[in-house]
Structure formats: structure tokens, C-alpha cells
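Structure file upload23.pdb (PDB, C-alpha atoms) is printed below.
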```
ATOM      1  CA  MET A 146       0.000   0.000   0.000  1.00  0.00           C
ATOM      2  CA  GLN A 147       1.331   3.432  -0.905  1.00  0.00           C
ATOM      3  CA  HIS A 148       0.767   6.552   1.138  1.00  0.00           C
ATOM      4  CA  ASP A 149       0.766  10.122  -0.104  1.00  0.00           C
ATOM      5  CA  SER A 150       2.712  11.364   2.911  1.00  0.00           C
ATOM      6  CA  VAL A 151       5.548   9.962   4.971  1.00  0.00           C
ATOM      7  CA  THR A 152       4.479   8.294   8.226  1.00  0.00           C
ATOM      8  CA  PRO A 153       5.552  10.492  11.156  1.00  0.00           C
ATOM      9  CA  PRO A 154       8.154   9.084  13.543  1.00  0.00           C
ATOM     10  CA  PRO A 155       6.861   7.399  16.728  1.00  0.00           C
ATOM     11  CA  PHE A 156       8.262  10.177  18.919  1.00  0.00           C
ATOM     12  CA  GLU A 157       6.662  13.085  17.096  1.00  0.00           C
ATOM     13  CA  PRO A 158       5.938  15.934  19.535  1.00  0.00           C
ATOM     14  CA  GLY A 159       2.531  17.537  19.826  1.00  0.00           C
ATOM     15  CA  LEU A 160       0.428  14.370  19.936  1.00  0.00           C
ATOM     16  CA  PRO A 161      -2.688  14.573  22.159  1.00  0.00           C
ATOM     17  CA  GLN A 162      -2.108  13.677  25.791  1.00  0.00           C
ATOM     18  CA  GLU A 163      -3.975  10.791  27.413  1.00  0.00           C
ATOM     19  CA  LEU A 164      -5.881  10.730  30.695  1.00  0.00           C
ATOM     20  CA  TRP A 165      -5.597   7.347  32.357  1.00  0.00           C
ATOM     21  CA  PHE A 166      -8.739   5.729  33.799  1.00  0.00           C
ATOM     22  CA  SER A 167      -8.390   2.534  35.841  1.00  0.00           C
ATOM     23  CA  VAL A 168     -11.496   0.425  35.184  1.00  0.00           C
ATOM     24  CA  ASP A 169     -12.744  -2.901  36.523  1.00  0.00           C
ATOM     25  CA  VAL A 170     -15.999  -4.778  35.997  1.00  0.00           C
ATOM     26  CA  GLU A 171     -17.755  -7.699  37.650  1.00  0.00           C
ATOM     27  CA  CYS A 172     -20.006 -10.033  35.713  1.00  0.00           C
ATOM     28  CA  SER A 173     -22.331 -12.979  36.169  1.00  0.00           C
ATOM     29  CA  GLY A 174     -20.809 -15.072  33.393  1.00  0.00           C
ATOM     30  CA  GLN A 175     -17.736 -15.707  31.284  1.00  0.00           C
ATOM     31  CA  THR A 176     -18.913 -13.707  28.241  1.00  0.00           C
ATOM     32  CA  PRO A 177     -21.702 -11.212  27.438  1.00  0.00           C
ATOM     33  CA  LEU A 178     -23.474 -14.045  25.622  1.00  0.00           C
ATOM     34  CA  ASP A 179     -24.004 -16.082  28.776  1.00  0.00           C
ATOM     35  CA  GLY A 180     -24.067 -13.522  31.574  1.00  0.00           C
ATOM     36  CA  SER A 181     -24.667  -9.946  32.657  1.00  0.00           C
ATOM     37  CA  LEU A 182     -22.437  -6.990  33.416  1.00  0.00           C
ATOM     38  CA  ILE A 183     -23.334  -6.318  37.045  1.00  0.00           C
ATOM     39  CA  SER A 184     -20.933  -3.655  38.326  1.00  0.00           C
ATOM     40  CA  ILE A 185     -18.462  -1.074  37.036  1.00  0.00           C
ATOM     41  CA  GLY A 186     -15.757   0.595  39.101  1.00  0.00           C
ATOM     42  CA  ALA A 187     -13.349   3.256  37.894  1.00  0.00           C
ATOM     43  CA  CYS A 188     -10.982   5.965  39.081  1.00  0.00           C
ATOM     44  CA  LEU A 189      -8.381   8.281  37.650  1.00  0.00           C
ATOM     45  CA  VAL A 190      -4.967   6.637  37.797  1.00  0.00           C
ATOM     46  CA  ASP A 191      -3.331   9.855  38.979  1.00  0.00           C
ATOM     47  CA  ASP A 192      -6.217  10.922  41.226  1.00  0.00           C
ATOM     48  CA  PRO A 193      -7.738   7.729  42.653  1.00  0.00           C
ATOM     49  CA  ALA A 194     -10.090   9.766  44.849  1.00  0.00           C
ATOM     50  CA  THR A 195     -11.991  10.653  41.666  1.00  0.00           C
ATOM     51  CA  THR A 196     -14.178   7.571  41.358  1.00  0.00           C
ATOM     52  CA  PHE A 197     -17.202   6.004  39.738  1.00  0.00           C
ATOM     53  CA  TYR A 198     -19.144   2.968  40.909  1.00  0.00           C
ATOM     54  CA  VAL A 199     -22.453   1.476  39.884  1.00  0.00           C
ATOM     55  CA  GLU A 200     -24.286  -1.811  40.386  1.00  0.00           C
ATOM     56  CA  LEU A 201     -26.573  -2.929  37.567  1.00  0.00           C
ATOM     57  CA  LYS A 202     -29.707  -5.008  37.401  1.00  0.00           C
ATOM     58  CA  PRO A 203     -28.885  -8.274  35.607  1.00  0.00           C
ATOM     59  CA  ASP A 204     -30.370  -9.030  32.225  1.00  0.00           C
ATOM     60  CA  PRO A 205     -33.424 -11.220  32.970  1.00  0.00           C
ATOM     61  CA  ALA A 206     -32.824 -13.120  29.739  1.00  0.00           C
ATOM     62  CA  LYS A 207     -29.327 -14.232  30.799  1.00  0.00           C
ATOM     63  CA  ALA A 208     -28.400 -17.135  33.052  1.00  0.00           C
ATOM     64  CA  TRP A 209     -26.910 -16.434  36.469  1.00  0.00           C
ATOM     65  CA  GLY A 210     -23.384 -17.671  37.180  1.00  0.00           C
ATOM     66  CA  HIS A 211     -23.224 -19.117  40.697  1.00  0.00           C
ATOM     67  CA  LYS A 212     -19.490 -19.736  40.347  1.00  0.00           C
ATOM     68  CA  GLU A 213     -18.982 -16.066  39.533  1.00  0.00           C
ATOM     69  CA  GLU A 214     -21.212 -15.070  42.469  1.00  0.00           C
ATOM     70  CA  ARG A 215     -18.841 -16.838  44.848  1.00  0.00           C
ATOM     71  CA  VAL A 216     -16.107 -14.519  43.531  1.00  0.00           C
ATOM     72  CA  HIS A 217     -17.832 -11.115  43.475  1.00  0.00           C
ATOM     73  CA  ARG A 218     -20.407 -11.929  46.219  1.00  0.00           C
ATOM     74  CA  LEU A 219     -23.194  -9.887  44.599  1.00  0.00           C
ATOM     75  CA  THR A 220     -26.420 -11.863  44.624  1.00  0.00           C
ATOM     76  CA  ARG A 221     -29.040 -11.638  41.932  1.00  0.00           C
ATOM     77  CA  ALA A 222     -31.635 -10.673  44.560  1.00  0.00           C
ATOM     78  CA  HIS A 223     -29.458  -7.793  45.798  1.00  0.00           C
ATOM     79  CA  LEU A 224     -28.910  -6.448  42.283  1.00  0.00           C
ATOM     80  CA  GLU A 225     -32.560  -6.736  41.294  1.00  0.00           C
ATOM     81  CA  GLU A 226     -33.497  -4.701  44.379  1.00  0.00           C
ATOM     82  CA  HIS A 227     -30.631  -2.188  44.565  1.00  0.00           C
ATOM     83  CA  GLY A 228     -29.062  -2.120  41.106  1.00  0.00           C
ATOM     84  CA  ILE A 229     -30.053   0.418  38.466  1.00  0.00           C
ATOM     85  CA  ASP A 230     -31.176  -0.312  34.931  1.00  0.00           C
ATOM     86  CA  ARG A 231     -28.152  -1.628  33.044  1.00  0.00           C
ATOM     87  CA  ILE A 232     -28.647   0.685  30.048  1.00  0.00           C
ATOM     88  CA  GLU A 233     -28.977   3.723  32.303  1.00  0.00           C
ATOM     89  CA  GLY A 234     -25.928   2.695  34.335  1.00  0.00           C
ATOM     90  CA  VAL A 235     -23.696   2.246  31.298  1.00  0.00           C
ATOM     91  CA  ARG A 236     -24.790   5.614  29.933  1.00  0.00           C
ATOM     92  CA  HIS A 237     -23.952   7.215  33.290  1.00  0.00           C
ATOM     93  CA  PHE A 238     -20.498   5.656  33.122  1.00  0.00           C
ATOM     94  CA  ALA A 239     -19.819   6.908  29.590  1.00  0.00           C
ATOM     95  CA  GLU A 240     -20.948  10.397  30.601  1.00  0.00           C
ATOM     96  CA  TRP A 241     -18.785  10.317  33.755  1.00  0.00           C
ATOM     97  CA  VAL A 242     -15.711   9.444  31.693  1.00  0.00           C
ATOM     98  CA  ARG A 243     -16.374  12.277  29.245  1.00  0.00           C
ATOM     99  CA  THR A 244     -17.146  14.932  31.867  1.00  0.00           C
ATOM    100  CA  THR A 245     -14.228  13.871  34.076  1.00  0.00           C
ATOM    101  CA  ALA A 246     -11.837  14.108  31.141  1.00  0.00           C
ATOM    102  CA  GLU A 247     -13.192  17.524  30.160  1.00  0.00           C
ATOM    103  CA  ALA A 248     -12.884  18.831  33.726  1.00  0.00           C
ATOM    104  CA  THR A 249      -9.456  17.325  34.409  1.00  0.00           C
ATOM    105  CA  ALA A 250      -7.576  17.647  31.125  1.00  0.00           C
ATOM    106  CA  PRO A 251      -9.703  19.117  28.325  1.00  0.00           C
ATOM    107  CA  GLU A 252      -7.075  18.481  25.650  1.00  0.00           C
ATOM    108  CA  SER A 253      -6.624  14.829  26.564  1.00  0.00           C
ATOM    109  CA  SER A 254      -8.094  11.551  25.337  1.00  0.00           C
ATOM    110  CA  PRO A 255      -9.496   9.054  27.894  1.00  0.00           C
ATOM    111  CA  LEU A 256      -7.459   5.845  28.012  1.00  0.00           C
ATOM    112  CA  LEU A 257      -8.704   2.692  29.740  1.00  0.00           C
ATOM    113  CA  ILE A 258      -6.190   0.950  32.007  1.00  0.00           C
ATOM    114  CA  GLY A 259      -7.004  -2.509  33.321  1.00  0.00           C
ATOM    115  CA  PHE A 260      -5.652  -5.791  34.586  1.00  0.00           C
ATOM    116  CA  ASN A 261      -6.493  -8.593  32.204  1.00  0.00           C
ATOM    117  CA  THR A 262      -8.051  -5.863  30.100  1.00  0.00           C
ATOM    118  CA  PRO A 263      -9.324  -8.133  27.302  1.00  0.00           C
ATOM    119  CA  PHE A 264     -11.937  -9.489  29.715  1.00  0.00           C
ATOM    120  CA  ASP A 265     -13.181  -6.108  30.972  1.00  0.00           C
ATOM    121  CA  TRP A 266     -12.944  -4.565  27.495  1.00  0.00           C
ATOM    122  CA  MET A 267     -15.147  -7.278  25.999  1.00  0.00           C
ATOM    123  CA  TRP A 268     -17.941  -6.522  28.469  1.00  0.00           C
ATOM    124  CA  LEU A 269     -17.681  -2.751  28.186  1.00  0.00           C
ATOM    125  CA  VAL A 270     -17.656  -2.661  24.389  1.00  0.00           C
ATOM    126  CA  MET A 271     -20.785  -4.810  24.299  1.00  0.00           C
ATOM    127  CA  ALA A 272     -22.412  -2.687  27.016  1.00  0.00           C
ATOM    128  CA  PHE A 273     -21.709   0.608  25.225  1.00  0.00           C
ATOM    129  CA  THR A 274     -23.070  -0.868  22.013  1.00  0.00           C
ATOM    130  CA  GLU A 275     -26.230  -2.140  23.726  1.00  0.00           C
ATOM    131  CA  ALA A 276     -26.730   1.242  25.407  1.00  0.00           C
ATOM    132  CA  GLY A 277     -26.334   3.061  22.100  1.00  0.00           C
ATOM    133  CA  VAL A 278     -23.508   5.313  23.306  1.00  0.00           C
ATOM    134  CA  ARG A 279     -20.094   6.019  21.845  1.00  0.00           C
ATOM    135  CA  ASN A 280     -17.253   4.237  23.599  1.00  0.00           C
ATOM    136  CA  PRO A 281     -15.487   7.136  25.393  1.00  0.00           C
ATOM    137  CA  PHE A 282     -12.196   5.241  25.246  1.00  0.00           C
ATOM    138  CA  GLY A 283     -12.242   4.814  21.496  1.00  0.00           C
ATOM    139  CA  MET A 284     -10.892   1.511  20.249  1.00  0.00           C
ATOM    140  CA  SER A 285      -7.821   0.906  22.413  1.00  0.00           C
ATOM    141  CA  ALA A 286      -6.857   0.099  25.997  1.00  0.00           C
ATOM    142  CA  VAL A 287      -3.801  -0.778  28.100  1.00  0.00           C
ATOM    143  CA  ASP A 288      -3.300  -4.094  29.888  1.00  0.00           C
ATOM    144  CA  LEU A 289      -1.147  -4.001  33.032  1.00  0.00           C
ATOM    145  CA  LYS A 290      -0.501  -7.744  32.812  1.00  0.00           C
ATOM    146  CA  SER A 291       1.169  -7.202  29.444  1.00  0.00           C
ATOM    147  CA  ILE A 292       3.293  -4.345  30.807  1.00  0.00           C
ATOM    148  CA  TYR A 293       4.371  -6.525  33.740  1.00  0.00           C
ATOM    149  CA  TYR A 294       5.282  -9.342  31.364  1.00  0.00           C
ATOM    150  CA  ALA A 295       7.274  -6.985  29.132  1.00  0.00           C
ATOM    151  CA  LEU A 296       9.207  -5.629  32.127  1.00  0.00           C
ATOM    152  CA  HIS A 297       9.841  -8.922  33.898  1.00  0.00           C
ATOM    153  CA  GLY A 298       9.388 -11.622  31.276  1.00  0.00           C
ATOM    154  CA  GLY A 299      12.088 -14.226  30.809  1.00  0.00           C
ATOM    155  CA  GLU A 300      12.742 -17.922  30.734  1.00  0.00           C
ATOM    156  CA  ASN A 301      11.029 -18.507  34.078  1.00  0.00           C
ATOM    157  CA  LEU A 302       8.041 -16.211  33.637  1.00  0.00           C
ATOM    158  CA  THR A 303       5.042 -17.725  31.887  1.00  0.00           C
ATOM    159  CA  TRP A 304       1.847 -15.804  31.167  1.00  0.00           C
ATOM    160  CA  LYS A 305       0.171 -17.690  34.022  1.00  0.00           C
ATOM    161  CA  LYS A 306       2.642 -16.056  36.403  1.00  0.00           C
ATOM    162  CA  THR A 307       1.192 -12.636  35.564  1.00  0.00           C
ATOM    163  CA  VAL A 308      -1.967 -13.231  37.607  1.00  0.00           C
ATOM    164  CA  LYS A 309      -2.506 -10.745  40.438  1.00  0.00           C
ATOM    165  CA  ARG A 310      -1.333 -12.952  43.312  1.00  0.00           C
ATOM    166  CA  PHE A 311       2.092 -13.340  41.689  1.00  0.00           C
ATOM    167  CA  VAL A 312       2.359  -9.696  40.603  1.00  0.00           C
ATOM    168  CA  ARG A 313       1.608  -8.504  44.129  1.00  0.00           C
ATOM    169  CA  GLN A 314       4.478 -10.597  45.506  1.00  0.00           C
ATOM    170  CA  VAL A 315       6.760  -8.369  43.434  1.00  0.00           C
ATOM    171  CA  TYR A 316       4.768  -5.175  44.088  1.00  0.00           C
ATOM    172  CA  PRO A 317       3.091  -5.464  47.514  1.00  0.00           C
ATOM    173  CA  THR A 318       0.232  -3.140  48.431  1.00  0.00           C
ATOM    174  CA  ASN A 319      -1.767  -2.205  51.511  1.00  0.00           C
ATOM    175  CA  LEU A 320      -4.889  -1.736  49.402  1.00  0.00           C
ATOM    176  CA  VAL A 321      -7.591  -4.381  49.626  1.00  0.00           C
ATOM    177  CA  ALA A 322      -8.945  -5.556  46.277  1.00  0.00           C
ATOM    178  CA  ASP A 323     -11.219  -8.567  46.507  1.00  0.00           C
ATOM    179  CA  HIS A 324     -13.337  -8.502  43.343  1.00  0.00           C
ATOM    180  CA  HIS A 325     -15.208  -5.350  44.273  1.00  0.00           C
ATOM    181  CA  ALA A 326     -15.093  -3.329  41.066  1.00  0.00           C
ATOM    182  CA  LEU A 327     -14.184   0.014  42.629  1.00  0.00           C
ATOM    183  CA  ALA A 328     -11.661  -1.408  45.105  1.00  0.00           C
ATOM    184  CA  ASP A 329     -10.041  -3.327  42.270  1.00  0.00           C
ATOM    185  CA  ALA A 330      -9.907  -0.197  40.106  1.00  0.00           C
ATOM    186  CA  VAL A 331      -8.186   1.809  42.871  1.00  0.00           C
ATOM    187  CA  GLU A 332      -5.700  -1.001  43.466  1.00  0.00           C
ATOM    188  CA  GLN A 333      -5.017  -1.243  39.734  1.00  0.00           C
ATOM    189  CA  ALA A 334      -4.358   2.494  39.632  1.00  0.00           C
ATOM    190  CA  GLU A 335      -1.584   2.095  42.195  1.00  0.00           C
ATOM    191  CA  LEU A 336      -0.028  -0.711  40.156  1.00  0.00           C
ATOM    192  CA  ALA A 337      -0.317   1.366  36.981  1.00  0.00           C
ATOM    193  CA  ARG A 338       1.579   4.253  38.574  1.00  0.00           C
ATOM    194  CA  THR A 339       4.294   1.890  39.800  1.00  0.00           C
ATOM    195  CA  LEU A 340       4.770   0.121  36.469  1.00  0.00           C
ATOM    196  CA  ARG A 341       4.727   3.431  34.595  1.00  0.00           C
ATOM    197  CA  GLU A 342       7.554   4.822  36.712  1.00  0.00           C
ATOM    198  CA  ILE A 343       9.619   1.676  36.213  1.00  0.00           C
ATOM    199  CA  ALA A 344       8.999   1.804  32.472  1.00  0.00           C
ATOM    200  CA  ARG A 345      10.031   5.463  32.360  1.00  0.00           C
ATOM    201  CA  ALA A 346      13.214   4.734  34.299  1.00  0.00           C
ATOM    202  CA  HIS A 347      14.188   2.028  31.813  1.00  0.00           C
ATOM    203  CA  ARG A 348      12.800   3.702  28.714  1.00  0.00           C
ATOM    204  CA  ILE A 349      14.463   2.958  25.381  1.00  0.00           C
ATOM    205  CA  PRO A 350      13.821   5.985  23.157  1.00  0.00           C
ATOM    206  CA  PRO A 351      12.366   4.939  19.793  1.00  0.00           C
ATOM    207  CA  THR A 352      14.669   5.457  16.834  1.00  0.00           C
ATOM    208  CA  LEU A 353      14.119   4.995  13.140  1.00  0.00           C
ATOM    209  CA  PRO A 354      16.512   2.858  11.100  1.00  0.00           C
ATOM    210  CA  GLU A 355      18.669   4.708   8.637  1.00  0.00           C
ATOM    211  CA  ARG A 356      17.500   4.393   5.063  1.00  0.00           C
TER
END
```
Would you put the structure from the file into C-alpha cells?
Amino acid sequence: MQHDSVTPPPFEPGLPQELWFSVDVECSGQTPLDGSLISIGACLVDDPATTFYVELKPDPAKAWGHKEERVHRLTRAHLEEHGIDRIEGVRHFAEWVRTTAEATAPESSPLLIGFNTPFDWMWLVMAFTEAGVRNPFGMSAVDLKSIYYALHGGENLTWKKTVKRFVRQVYPTNLVADHHALADAVEQAELARTLREIARAHRIPPTLPER
């Protein structure tokens, strides 16, 4: 494929800044096809006191995952009584992301930061689509597991060793994160700040090969 203009180098100055949002979700199934998105927790990575949390009524057409309930400890009865409509809740979340970004850094683009992000991303993309709202994060996200693997990967580190209990042996925390979406998001934010500083300290500036 030919392009009319030369592709800019990867370190071009003046690119839009990004505002990091740590996001976690809890669900009643393994995929949006067999379960419901039941809670969303989020905070700003660099200001974890700025938070969002919502519990959602489960989709009555979807099965309920009892194995998942043992993990997140939200019962279907509790959510049906105290949760809000799932479409309304997802729209509130999208609006919170947009208004928080505008108030915090108007020239920035929201960027989703997660741990095992492919799982959370799958649920959120489907939820935004179902709610008929634009995904405020666009079409990309950052996975802290992948960053950890890139920093510490080697002969003795398999992908299975990037699960949270192993990562937290390397980077201990006093924060409690036990599959509550907001608590997990705040704990992820701390890990994101730590890994970012390590990455910056060992940064290899991008260079283009000579032609």
C-alpha cells in the first residue's frame, strides 16, 4: 500500500495527551453471551479519589453464574433490588468518563487501564453498544498484565505467572482488592503508577533505522 505522505516518527511531539482511567468490571458469566455486566468501578490513575461505581440489574434473559457469584459476592436478589437499569448505568459511566476528562484535562483523550483488560474490554464494548452510546475510550486500551510481562518476562516467567497474586508478591500493596469493582480499580491504579515509573526509568527511546 502506498501513502501520499511519509508516516511520522513514533516520537513526534505535539500528539494529544492521554488521561488514564483505571477500570474494573464484575459479571455474572464468562462472556456477554451467557451472563450480565453487574458492576463497574473506575478511578483516575493519577487521582484515585476521583471515582465512579455502579451496580446494575442483571439481564433477565441471561443465566446467572453461581461460580462467579462466589467470587464477586453480589447476589441476583441484591442487584434486582438495589441495582439500576443496566442501560442507564452504562450511559452514566460513559458520561462520567467524558465529563471527568473535560474537567481534568480538556485536551486529553481518555485511556482505559485494566488488569487482564481483554476481559473487561469485551464486556464494556458490548455494554456501550447495547446502550447506544459512543465508547469514550475509542478503540484501544492498556493491559497491566502485558506491561508486567514486558518488564519482567524471561525464561522462568510464563503468562500464568502474571496473575494478580504473583504480581503482588513483586509489588506489595496495603490496598484491599477482593473482586469489588471500585476497590479493584483503585488497586489497579496504584499498580499502573508503579509500572509506569519503572517503564520510564528504563525507557528505550524509539529510533528509526537509517535508510
Name all residues at most 10 Å from Met271 (chain A) (count only C-alpha atoms; drop same-chain ones fewer than 5 positions away) and give them as a list of chain:residue names.
-> A:Thr176, A:Pro177, A:Leu178, A:Leu182, A:Trp266, A:Ala276, A:Gly277, A:Asn280
Keeping C-alpha atoms, export the residues of the selection given above as an mmCIF file, in the coordinates of the input.
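Produced file out-v6.cif, reproduced below:
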```cif
data_model
loop_
_atom_site.group_PDB
_atom_site.id
_atom_site.type_symbol
_atom_site.label_atom_id
_atom_site.label_comp_id
_atom_site.auth_asym_id
_atom_site.auth_seq_id
_atom_site.Cartn_x
_atom_site.Cartn_y
_atom_site.Cartn_z
ATOM 1 C CA THR A 176 -18.913 -13.707 28.241
ATOM 2 C CA PRO A 177 -21.702 -11.212 27.438
ATOM 3 C CA LEU A 178 -23.474 -14.045 25.622
ATOM 4 C CA LEU A 182 -22.437 -6.990 33.416
ATOM 5 C CA TRP A 266 -12.944 -4.565 27.495
ATOM 6 C CA ALA A 276 -26.730 1.242 25.407
ATOM 7 C CA GLY A 277 -26.334 3.061 22.100
ATOM 8 C CA ASN A 280 -17.253 4.237 23.599
#
```
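Reported to one decimal place, the separation of CA of Ser285 (chain A) from CA of Glu332 (chain A) is 21.2 Å.
Taking CA of His237 (chain A) as the reference point, CA of Gln175 (chain A) is found at 23.8 Å.
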If I put a ball of radius 7 Å at (-5.7, 10.3, 29.2) in the file's coordinates, which residues poke into it when counting all atoms listed in the file, written as a ChimeraX atom specification?
-> /A:162-165,253-256
Residues within 10 Å of Pro317 (chain A), only C-alpha atoms, excluding chain neighbours under 6 positions, as an NGL selection string | :A and (310-311 or 336)
Provide the CA of Arg243 (chain A) to CA of Glu200 (chain A) distance in Å, to one decimal place.
-> 19.6 Å
Set out as CSV a contact list for region 171-255 of chain A and region 319-330 of chain A with a cut-off of 7 Å, giving each residue of region 171-255 of chain A that qualifies its closest atom pair and distance in Å to one decimal, counting all atoms listed in the file, ordered by chain and rising residue number.
```
residue,atom,partner,partner_atom,distance
A:Glu171,CA,A:Ala326,CA,6.2
A:Ser184,CA,A:Ala326,CA,6.5
A:Ile185,CA,A:Ala326,CA,5.7
A:Gly186,CA,A:Leu327,CA,3.9
A:Ala187,CA,A:Ala330,CA,5.4
A:Cys188,CA,A:Ala330,CA,6.3
A:Tyr198,CA,A:Leu327,CA,6.0
A:Val216,CA,A:His324,CA,6.6
A:His217,CA,A:His324,CA,5.2
```
Reference answer for the PyMOL selection byres ((chain A and resi 341-346) around 10), as a list in words | Leu289, Ile292, Tyr293, Ala295, Leu296, Glu335, Leu336, Ala337, Arg338, Thr339, Leu340, His347, Arg348, Ile349 and Pro350 of chain A
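If you apply the PyMOL selection byres ((chain A and resi 242) around 9) to this structure, you end up with Phe166, Phe197, His237, Phe238, Ala239, Glu240, Trp241, Arg243, Thr244, Thr245, Ala246, Glu247, Pro255, Pro281 and Phe282 of chain A.
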All residues 12 Å or closer to region 203-209 of chain A, only C-alpha atoms, same chain fewer than 4 positions away omitted, as a ChimeraX atom specification = /A:171-184,213-215,219-232,234,272,275
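The closest residue to Gly283 (chain A), picked from A:Val170, A:Leu257, A:Pro263, A:Glu252 and counting all atoms listed in the file, is A:Leu257.
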What are the centre and edge lengths in Å, to one decimal, of the axis-aligned box around all listed atoms of region 285-298 of chain A with 3 Å added on each side, as JSON?
```
{"center_x": 1.0, "center_y": -5.4, "center_z": 28.2, "size_x": 23.7, "size_y": 18.5, "size_z": 17.5}
```
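Considering the residues A:Lys212, A:Arg279, A:Lys290, A:Arg236 and counting only C-alpha atoms, Lys305 (chain A) has its shortest atom-to-atom contact with A:Lys290.
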